[in-house]
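Have a look at the structure below before the remarks.
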Amino acid sequence: MALQRRQFLLLLGAGVGGVALSSTAGCSQQRSQLPFAPVRTPLPVPSDGLTPSQQREAYRVVRINDALNLPEGYDQQLLASWGDPVGPSRFGFNNDFLAFRQLDANSALLTVNFEYISALPWQQGFAEVTGSALPYEPVVQGLAGSNGKRDVWADAPPADLTAAIKRVAAEALADQGIGVIRLQRDGQGRWQRQPGPEDRRITGLAGLDDPERRLRASGPASAVFRLPQRQGYNDGLGERIVGTFANCAGGTTPWGTVLSAEENFQSQVPEAVYADGSAMAPSARPFTCQAKRLYGLGNPFGLAGNKYGWMVEIDPANPNDPGTKHTALGRFRHEAVAVRARSGEPLHVYSGCDRRGGHLYRFLSDGVVSNPNDPANSQLFEKGTLYGAVFNADGSGQWRPLTPQTPVDPLAAPVRVPHSDRTQAGAEELTSPEARARYRQRYQTLGDLYTGEGEAQLGALLIDAHLAANAAGITPTARPEDTVLDPASGDLLVTFTSGMPGSEGTPDPAIFRGPQGQTPWNEGWIMRLSEQGENRFRWQMVATGGEPANGGLGFANPDNLAVDPTGALWMVTDIGTGSQNNDKQNGGVFGNNSCWVIPTSGPQAGEAFCFATGPMECELTGLALTPKADQLFLAVQHPGERNGKREENAEEARSFQLKLTNGEPLEQLRWVPLGSNWPNGGLPKPGVVVIQRRNGQALLS
């Protein structure tokens, strides 16, 4: 633990001189010097203030509650939840990223991402939330003979079933995308909803029937969208795009716009593309509707897969802005974005691809920033170079450009690369050194893999950015889920959520190791990355998740980050809740997803303190602080995702094998609610809360 704290002091440039670094034993008996007593988690951690013998007694039997638990002295207020009116539409499902933009002393705008549909609680609550019935069960029954799947686009079922399918898919896409709501301070200084002209939704089907509401595309892929002839599918819309969905994390710009990241788009439309960047036909991702699965939502509407997986920019203050997908930033499973705008320099944009073996990317604009606050800076997103991060085990790294001139040099097999038969879409896996050598001999540069001239060829490459990065030898990483710039040093902070291998890739084990050298390591990391000249950087893991007895800080799977004016780091976790294995349900030994504070100065710098634990089967997301950090906006996503509505206080007992902070084993009996009734005691609904101290002071003052 002392090593973890010392490493973390480097995170925001804090020095180690003069800072008392406690031993593990000392930490376990120490109370937080922050203005709150940490919320108790089901896992023994140093900040609980207990000796190992006290921990053994306190954690032997634990009962989890279905609530957003905060420290004493802090209040929460539900600001908006699924189904609330937003302009002519409604507040969507599974709220994720939040962007707070204060307009004046008493008014502000909150931009909200809506990521995906959790099928069970969504169908359970739809009629009550919207006031209209949803033909979900008839669709499930109608598709039971085909395992819940149907290619509606090419092989529509009978008219009544087709109509029901399109209704379900349209409502699910209406509950995804982006929303903007106006806020107003009340007499006590609390932010409340105050609907105004800015309130609006950009849904997953925006513009389907109204061309004026279709999103725009900028950058090289626009040339692909305009191709008169192509290898694959043509939706007939040119460079205009219907809707945005799978909107997970995001970021803001100094000039006031919001960037929304389209992440797991492959669940709804085909991800694979051809050598010219054109999409596979919608048939490649059939509509799928089962009791707890709802995918392929783009299929009934013929959506083109190559138009999703982008970074979307909107101006929340302009209700007439349909949104722009900036294709120069690359198409991949975008998770988060950080923008650096310095006068006289190119615009820097950092983002990660949240998949196992996904990459960390940087975009540099061709033009330079004049005034960081100038809205004209949005034009700098249109032209530039996308780079992938190559990490070396010695802590150094390079940014490798992804251009047609970049050499093909995939890492050691196995690795997935663009299919060697360029008449086929998608990938093939190189499984041996001989296959890798043959591939390199056949394709020497990325330009050899993608067809087209000039901008169209670059557009094809950027549409296929993940596989192009694999072919160029970009380092496979451990699910990068957030990128945040340290306001003091300008360094990049990156959360890597999980180092486990997957079907599409494996994180480089020389880089992604546990605190004691363990590989694979599931519990995640926070990395500090410092630019060193034009295309080089230094990197260091400064905080690692995991049980304290194993060298971790007590949390698991870090996700969204925020830095407050004191320099403290706020972080929420992304622990999966869907496993059939009881050891993994609801976060395994770590319990429900949670929010943590990590000070970077003072006697407890580098320690992790739990600020909140979430309701059952949920993920905490968003993390938007007001400028003075006196209020925190937090999104509660998918409560009840696994079991739906909790009925009659249903619960079950589970046994967990834990370790006390001194490493001694403990068998814990844990009583766990089945399903959720958050936020109002009935149906589980995603929602956004605002948190503040009762005394009105800053959250950490």
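Letters for chains follow the order of the structure tokens (A, B, ...), residue numbers begin at 1 for each chain, and ligand numbers begin at 1 in the order shown.
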
Can you check which residues of region 471-614 of chain A DSSP gives as strand (DSSP E) on the backbone and send them as a PDB file with N, CA, C and O atoms, in the first residue's frame?
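Ended up saving to out26.pdb:
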ATOM      1  N   PRO A 480      -9.188   1.025 -22.350  1.00  0.00           N
ATOM      2  CA  PRO A 480      -9.105   2.424 -21.916  1.00  0.00           C
ATOM      3  C   PRO A 480     -10.490   3.054 -21.868  1.00  0.00           C
ATOM      4  O   PRO A 480     -11.165   3.149 -22.873  1.00  0.00           O
ATOM      5  N   GLU A 481     -10.902   3.513 -20.668  1.00  0.00           N
ATOM      6  CA  GLU A 481     -12.278   3.998 -20.498  1.00  0.00           C
ATOM      7  C   GLU A 481     -12.391   5.482 -20.206  1.00  0.00           C
ATOM      8  O   GLU A 481     -13.481   6.025 -20.287  1.00  0.00           O
ATOM      9  N   ASP A 482     -11.324   6.148 -19.816  1.00  0.00           N
ATOM     10  CA  ASP A 482     -11.438   7.599 -19.689  1.00  0.00           C
ATOM     11  C   ASP A 482     -10.083   8.230 -19.939  1.00  0.00           C
ATOM     12  O   ASP A 482      -9.032   7.628 -19.666  1.00  0.00           O
ATOM     13  N   THR A 483     -10.127   9.427 -20.488  1.00  0.00           N
ATOM     14  CA  THR A 483      -8.936  10.238 -20.734  1.00  0.00           C
ATOM     15  C   THR A 483      -9.240  11.632 -20.211  1.00  0.00           C
ATOM     16  O   THR A 483     -10.200  12.267 -20.637  1.00  0.00           O
ATOM     17  N   VAL A 484      -8.436  12.089 -19.268  1.00  0.00           N
ATOM     18  CA  VAL A 484      -8.642  13.393 -18.632  1.00  0.00           C
ATOM     19  C   VAL A 484      -7.303  14.101 -18.551  1.00  0.00           C
ATOM     20  O   VAL A 484      -6.291  13.489 -18.199  1.00  0.00           O
ATOM     21  N   LEU A 485      -7.286  15.387 -18.861  1.00  0.00           N
ATOM     22  CA  LEU A 485      -6.064  16.178 -18.761  1.00  0.00           C
ATOM     23  C   LEU A 485      -5.925  16.763 -17.365  1.00  0.00           C
ATOM     24  O   LEU A 485      -6.866  17.360 -16.826  1.00  0.00           O
ATOM     25  N   LEU A 492      -1.734  13.593 -19.395  1.00  0.00           N
ATOM     26  CA  LEU A 492      -2.946  12.837 -19.664  1.00  0.00           C
ATOM     27  C   LEU A 492      -3.114  11.757 -18.604  1.00  0.00           C
ATOM     28  O   LEU A 492      -2.176  11.011 -18.306  1.00  0.00           O
ATOM     29  N   LEU A 493      -4.299  11.664 -18.027  1.00  0.00           N
ATOM     30  CA  LEU A 493      -4.651  10.596 -17.101  1.00  0.00           C
ATOM     31  C   LEU A 493      -5.576   9.634 -17.829  1.00  0.00           C
ATOM     32  O   LEU A 493      -6.543  10.057 -18.465  1.00  0.00           O
ATOM     33  N   VAL A 494      -5.269   8.345 -17.753  1.00  0.00           N
ATOM     34  CA  VAL A 494      -6.032   7.335 -18.487  1.00  0.00           C
ATOM     35  C   VAL A 494      -6.447   6.232 -17.518  1.00  0.00           C
ATOM     36  O   VAL A 494      -5.612   5.722 -16.766  1.00  0.00           O
ATOM     37  N   THR A 495      -7.717   5.865 -17.536  1.00  0.00           N
ATOM     38  CA  THR A 495      -8.140   4.684 -16.798  1.00  0.00           C
ATOM     39  C   THR A 495      -8.177   3.495 -17.744  1.00  0.00           C
ATOM     40  O   THR A 495      -8.744   3.570 -18.836  1.00  0.00           O
ATOM     41  N   PHE A 496      -7.558   2.402 -17.317  1.00  0.00           N
ATOM     42  CA  PHE A 496      -7.645   1.126 -18.017  1.00  0.00           C
ATOM     43  C   PHE A 496      -8.439   0.195 -17.112  1.00  0.00           C
ATOM     44  O   PHE A 496      -8.017  -0.126 -16.001  1.00  0.00           O
ATOM     45  N   TRP A 525      -6.239  -0.077 -13.779  1.00  0.00           N
ATOM     46  CA  TRP A 525      -5.174   0.863 -13.463  1.00  0.00           C
ATOM     47  C   TRP A 525      -5.590   2.295 -13.798  1.00  0.00           C
ATOM     48  O   TRP A 525      -6.498   2.525 -14.587  1.00  0.00           O
ATOM     49  N   ILE A 526      -4.847   3.241 -13.221  1.00  0.00           N
ATOM     50  CA  ILE A 526      -4.834   4.623 -13.694  1.00  0.00           C
ATOM     51  C   ILE A 526      -3.409   4.923 -14.131  1.00  0.00           C
ATOM     52  O   ILE A 526      -2.452   4.677 -13.389  1.00  0.00           O
ATOM     53  N   MET A 527      -3.267   5.433 -15.344  1.00  0.00           N
ATOM     54  CA  MET A 527      -1.959   5.732 -15.928  1.00  0.00           C
ATOM     55  C   MET A 527      -1.769   7.239 -16.055  1.00  0.00           C
ATOM     56  O   MET A 527      -2.722   7.979 -16.330  1.00  0.00           O
ATOM     57  N   ARG A 528      -0.539   7.680 -15.876  1.00  0.00           N
ATOM     58  CA  ARG A 528      -0.155   9.050 -16.184  1.00  0.00           C
ATOM     59  C   ARG A 528       0.728   9.018 -17.422  1.00  0.00           C
ATOM     60  O   ARG A 528       1.704   8.271 -17.482  1.00  0.00           O
ATOM     61  N   LEU A 529       0.392   9.824 -18.435  1.00  0.00           N
ATOM     62  CA  LEU A 529       1.138   9.877 -19.687  1.00  0.00           C
ATOM     63  C   LEU A 529       1.603  11.308 -19.922  1.00  0.00           C
ATOM     64  O   LEU A 529       0.778  12.227 -19.959  1.00  0.00           O
ATOM     65  N   SER A 530       2.926  11.489 -20.061  1.00  0.00           N
ATOM     66  CA  SER A 530       3.509  12.819 -20.247  1.00  0.00           C
ATOM     67  C   SER A 530       4.096  12.914 -21.647  1.00  0.00           C
ATOM     68  O   SER A 530       4.949  12.092 -22.022  1.00  0.00           O
ATOM     69  N   GLU A 531       3.657  13.896 -22.416  1.00  0.00           N
ATOM     70  CA  GLU A 531       4.210  14.095 -23.757  1.00  0.00           C
ATOM     71  C   GLU A 531       5.675  14.522 -23.657  1.00  0.00           C
ATOM     72  O   GLU A 531       6.047  15.335 -22.800  1.00  0.00           O
ATOM     73  N   ARG A 536       6.681  11.497 -28.891  1.00  0.00           N
ATOM     74  CA  ARG A 536       7.137  10.579 -27.849  1.00  0.00           C
ATOM     75  C   ARG A 536       6.490  10.934 -26.521  1.00  0.00           C
ATOM     76  O   ARG A 536       6.059  12.061 -26.304  1.00  0.00           O
ATOM     77  N   PHE A 537       6.430   9.948 -25.649  1.00  0.00           N
ATOM     78  CA  PHE A 537       5.843  10.184 -24.338  1.00  0.00           C
ATOM     79  C   PHE A 537       6.486   9.246 -23.326  1.00  0.00           C
ATOM     80  O   PHE A 537       7.181   8.287 -23.670  1.00  0.00           O
ATOM     81  N   ARG A 538       6.248   9.571 -22.052  1.00  0.00           N
ATOM     82  CA  ARG A 538       6.589   8.694 -20.939  1.00  0.00           C
ATOM     83  C   ARG A 538       5.290   8.294 -20.254  1.00  0.00           C
ATOM     84  O   ARG A 538       4.355   9.091 -20.178  1.00  0.00           O
ATOM     85  N   TRP A 539       5.243   7.069 -19.770  1.00  0.00           N
ATOM     86  CA  TRP A 539       4.044   6.605 -19.095  1.00  0.00           C
ATOM     87  C   TRP A 539       4.406   5.926 -17.780  1.00  0.00           C
ATOM     88  O   TRP A 539       5.516   5.411 -17.617  1.00  0.00           O
ATOM     89  N   GLN A 540       3.455   5.940 -16.848  1.00  0.00           N
ATOM     90  CA  GLN A 540       3.652   5.269 -15.570  1.00  0.00           C
ATOM     91  C   GLN A 540       2.298   4.908 -14.988  1.00  0.00           C
ATOM     92  O   GLN A 540       1.369   5.712 -14.988  1.00  0.00           O
ATOM     93  N   MET A 541       2.167   3.676 -14.498  1.00  0.00           N
ATOM     94  CA  MET A 541       0.974   3.286 -13.752  1.00  0.00           C
ATOM     95  C   MET A 541       1.093   3.878 -12.353  1.00  0.00           C
ATOM     96  O   MET A 541       2.053   3.594 -11.630  1.00  0.00           O
ATOM     97  N   VAL A 542       0.125   4.691 -11.993  1.00  0.00           N
ATOM     98  CA  VAL A 542       0.222   5.394 -10.716  1.00  0.00           C
ATOM     99  C   VAL A 542      -0.803   4.931  -9.696  1.00  0.00           C
ATOM    100  O   VAL A 542      -0.725   5.324  -8.525  1.00  0.00           O
ATOM    101  N   ALA A 543      -1.757   4.140 -10.100  1.00  0.00           N
ATOM    102  CA  ALA A 543      -2.720   3.566  -9.159  1.00  0.00           C
ATOM    103  C   ALA A 543      -3.260   2.291  -9.769  1.00  0.00           C
ATOM    104  O   ALA A 543      -3.540   2.233 -10.968  1.00  0.00           O
ATOM    105  N   THR A 544      -3.405   1.276  -8.945  1.00  0.00           N
ATOM    106  CA  THR A 544      -3.850  -0.027  -9.418  1.00  0.00           C
ATOM    107  C   THR A 544      -5.001  -0.509  -8.557  1.00  0.00           C
ATOM    108  O   THR A 544      -4.943  -0.443  -7.333  1.00  0.00           O
ATOM    109  N   PRO A 558     -11.541   0.863 -12.562  1.00  0.00           N
ATOM    110  CA  PRO A 558     -11.787   2.309 -12.647  1.00  0.00           C
ATOM    111  C   PRO A 558     -12.322   2.713 -14.012  1.00  0.00           C
ATOM    112  O   PRO A 558     -11.939   2.159 -15.037  1.00  0.00           O
ATOM    113  N   ASP A 559     -13.210   3.703 -14.005  1.00  0.00           N
ATOM    114  CA  ASP A 559     -13.847   4.158 -15.244  1.00  0.00           C
ATOM    115  C   ASP A 559     -13.726   5.673 -15.356  1.00  0.00           C
ATOM    116  O   ASP A 559     -12.642   6.197 -15.562  1.00  0.00           O
ATOM    117  N   ASN A 560     -14.810   6.410 -15.168  1.00  0.00           N
ATOM    118  CA  ASN A 560     -14.780   7.861 -15.362  1.00  0.00           C
ATOM    119  C   ASN A 560     -13.953   8.554 -14.290  1.00  0.00           C
ATOM    120  O   ASN A 560     -13.930   8.139 -13.132  1.00  0.00           O
ATOM    121  N   LEU A 561     -13.283   9.648 -14.694  1.00  0.00           N
ATOM    122  CA  LEU A 561     -12.433  10.440 -13.817  1.00  0.00           C
ATOM    123  C   LEU A 561     -12.864  11.899 -13.835  1.00  0.00           C
ATOM    124  O   LEU A 561     -13.411  12.392 -14.820  1.00  0.00           O
ATOM    125  N   ALA A 562     -12.555  12.594 -12.751  1.00  0.00           N
ATOM    126  CA  ALA A 562     -12.683  14.051 -12.700  1.00  0.00           C
ATOM    127  C   ALA A 562     -11.678  14.566 -11.683  1.00  0.00           C
ATOM    128  O   ALA A 562     -11.392  13.890 -10.685  1.00  0.00           O
ATOM    129  N   VAL A 563     -11.141  15.752 -11.932  1.00  0.00           N
ATOM    130  CA  VAL A 563     -10.194  16.373 -11.016  1.00  0.00           C
ATOM    131  C   VAL A 563     -10.840  17.650 -10.477  1.00  0.00           C
ATOM    132  O   VAL A 563     -11.306  18.486 -11.254  1.00  0.00           O
ATOM    133  N   LEU A 569      -8.618  13.512  -7.062  1.00  0.00           N
ATOM    134  CA  LEU A 569      -9.166  12.762  -8.188  1.00  0.00           C
ATOM    135  C   LEU A 569     -10.441  12.052  -7.743  1.00  0.00           C
ATOM    136  O   LEU A 569     -10.461  11.360  -6.724  1.00  0.00           O
ATOM    137  N   TRP A 570     -11.506  12.242  -8.520  1.00  0.00           N
ATOM    138  CA  TRP A 570     -12.765  11.536  -8.319  1.00  0.00           C
ATOM    139  C   TRP A 570     -12.858  10.444  -9.381  1.00  0.00           C
ATOM    140  O   TRP A 570     -12.538  10.670 -10.550  1.00  0.00           O
ATOM    141  N   MET A 571     -13.304   9.276  -8.978  1.00  0.00           N
ATOM    142  CA  MET A 571     -13.328   8.144  -9.903  1.00  0.00           C
ATOM    143  C   MET A 571     -14.526   7.253  -9.595  1.00  0.00           C
ATOM    144  O   MET A 571     -14.868   7.047  -8.425  1.00  0.00           O
ATOM    145  N   VAL A 572     -15.180   6.748 -10.628  1.00  0.00           N
ATOM    146  CA  VAL A 572     -16.241   5.753 -10.458  1.00  0.00           C
ATOM    147  C   VAL A 572     -15.794   4.450 -11.103  1.00  0.00           C
ATOM    148  O   VAL A 572     -14.918   4.429 -11.975  1.00  0.00           O
ATOM    149  N   THR A 573     -16.397   3.346 -10.665  1.00  0.00           N
ATOM    150  CA  THR A 573     -15.964   2.030 -11.121  1.00  0.00           C
ATOM    151  C   THR A 573     -16.955   1.425 -12.108  1.00  0.00           C
ATOM    152  O   THR A 573     -18.130   1.788 -12.145  1.00  0.00           O
ATOM    153  N   SER A 594     -19.119   1.859  -7.374  1.00  0.00           N
ATOM    154  CA  SER A 594     -18.900   2.869  -6.338  1.00  0.00           C
ATOM    155  C   SER A 594     -18.174   4.086  -6.895  1.00  0.00           C
ATOM    156  O   SER A 594     -17.688   4.085  -8.031  1.00  0.00           O
ATOM    157  N   CYS A 595     -18.107   5.126  -6.066  1.00  0.00           N
ATOM    158  CA  CYS A 595     -17.409   6.371  -6.391  1.00  0.00           C
ATOM    159  C   CYS A 595     -16.342   6.598  -5.321  1.00  0.00           C
ATOM    160  O   CYS A 595     -16.619   6.466  -4.126  1.00  0.00           O
ATOM    161  N   TRP A 596     -15.134   6.961  -5.755  1.00  0.00           N
ATOM    162  CA  TRP A 596     -13.995   7.090  -4.845  1.00  0.00           C
ATOM    163  C   TRP A 596     -13.344   8.458  -4.997  1.00  0.00           C
ATOM    164  O   TRP A 596     -13.387   9.069  -6.066  1.00  0.00           O
ATOM    165  N   VAL A 597     -12.720   8.906  -3.914  1.00  0.00           N
ATOM    166  CA  VAL A 597     -11.923  10.126  -3.907  1.00  0.00           C
ATOM    167  C   VAL A 597     -10.496   9.750  -3.525  1.00  0.00           C
ATOM    168  O   VAL A 597     -10.273   9.013  -2.555  1.00  0.00           O
ATOM    169  N   ILE A 598      -9.522  10.257  -4.295  1.00  0.00           N
ATOM    170  CA  ILE A 598      -8.110   9.996  -4.021  1.00  0.00           C
ATOM    171  C   ILE A 598      -7.407  11.348  -3.890  1.00  0.00           C
ATOM    172  O   ILE A 598      -7.193  12.036  -4.885  1.00  0.00           O
ATOM    173  N   PHE A 609     -10.571   6.647  -0.899  1.00  0.00           N
ATOM    174  CA  PHE A 609     -11.660   6.737   0.064  1.00  0.00           C
ATOM    175  C   PHE A 609     -12.990   6.605  -0.686  1.00  0.00           C
ATOM    176  O   PHE A 609     -13.246   7.347  -1.638  1.00  0.00           O
ATOM    177  N   CYS A 610     -13.819   5.687  -0.246  1.00  0.00           N
ATOM    178  CA  CYS A 610     -15.099   5.473  -0.917  1.00  0.00           C
ATOM    179  C   CYS A 610     -16.067   6.592  -0.539  1.00  0.00           C
ATOM    180  O   CYS A 610     -16.377   6.790   0.643  1.00  0.00           O
ATOM    181  N   PHE A 611     -16.565   7.297  -1.552  1.00  0.00           N
ATOM    182  CA  PHE A 611     -17.506   8.399  -1.332  1.00  0.00           C
ATOM    183  C   PHE A 611     -18.951   7.941  -1.501  1.00  0.00           C
ATOM    184  O   PHE A 611     -19.860   8.512  -0.895  1.00  0.00           O
ATOM    185  N   ALA A 612     -19.189   6.943  -2.338  1.00  0.00           N
ATOM    186  CA  ALA A 612     -20.559   6.495  -2.579  1.00  0.00           C
ATOM    187  C   ALA A 612     -20.547   5.060  -3.072  1.00  0.00           C
ATOM    188  O   ALA A 612     -19.619   4.636  -3.773  1.00  0.00           O
ATOM    189  N   THR A 613     -21.576   4.308  -2.723  1.00  0.00           N
ATOM    190  CA  THR A 613     -21.839   3.009  -3.333  1.00  0.00           C
ATOM    191  C   THR A 613     -23.212   3.063  -3.980  1.00  0.00           C
ATOM    192  O   THR A 613     -24.128   3.732  -3.476  1.00  0.00           O
TER     193      THR A 613
END

Leu386 (chain A) surroundings by only C-alpha atoms, 6 Å radius, close-in-sequence under 4 positions cut, as a ChimeraX atom specification: /A:362-363,401-402

Counting only C-alpha atoms, figure out which residue out of A:Gly395, A:Pro476, A:Gly490, A:Gly298 gets nearest to Ala338 (chain A).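 Result for the nearest residue to Ala338 (chain A): A:Gly490.
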
With distances taken over only C-alpha atoms, which of A:Arg340, A:Arg642, A:Arg63, A:Arg185 is nearest to Val690 (chain A)?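 Looking at the shortest contact to Val690 (chain A), the residue is A:Arg185.
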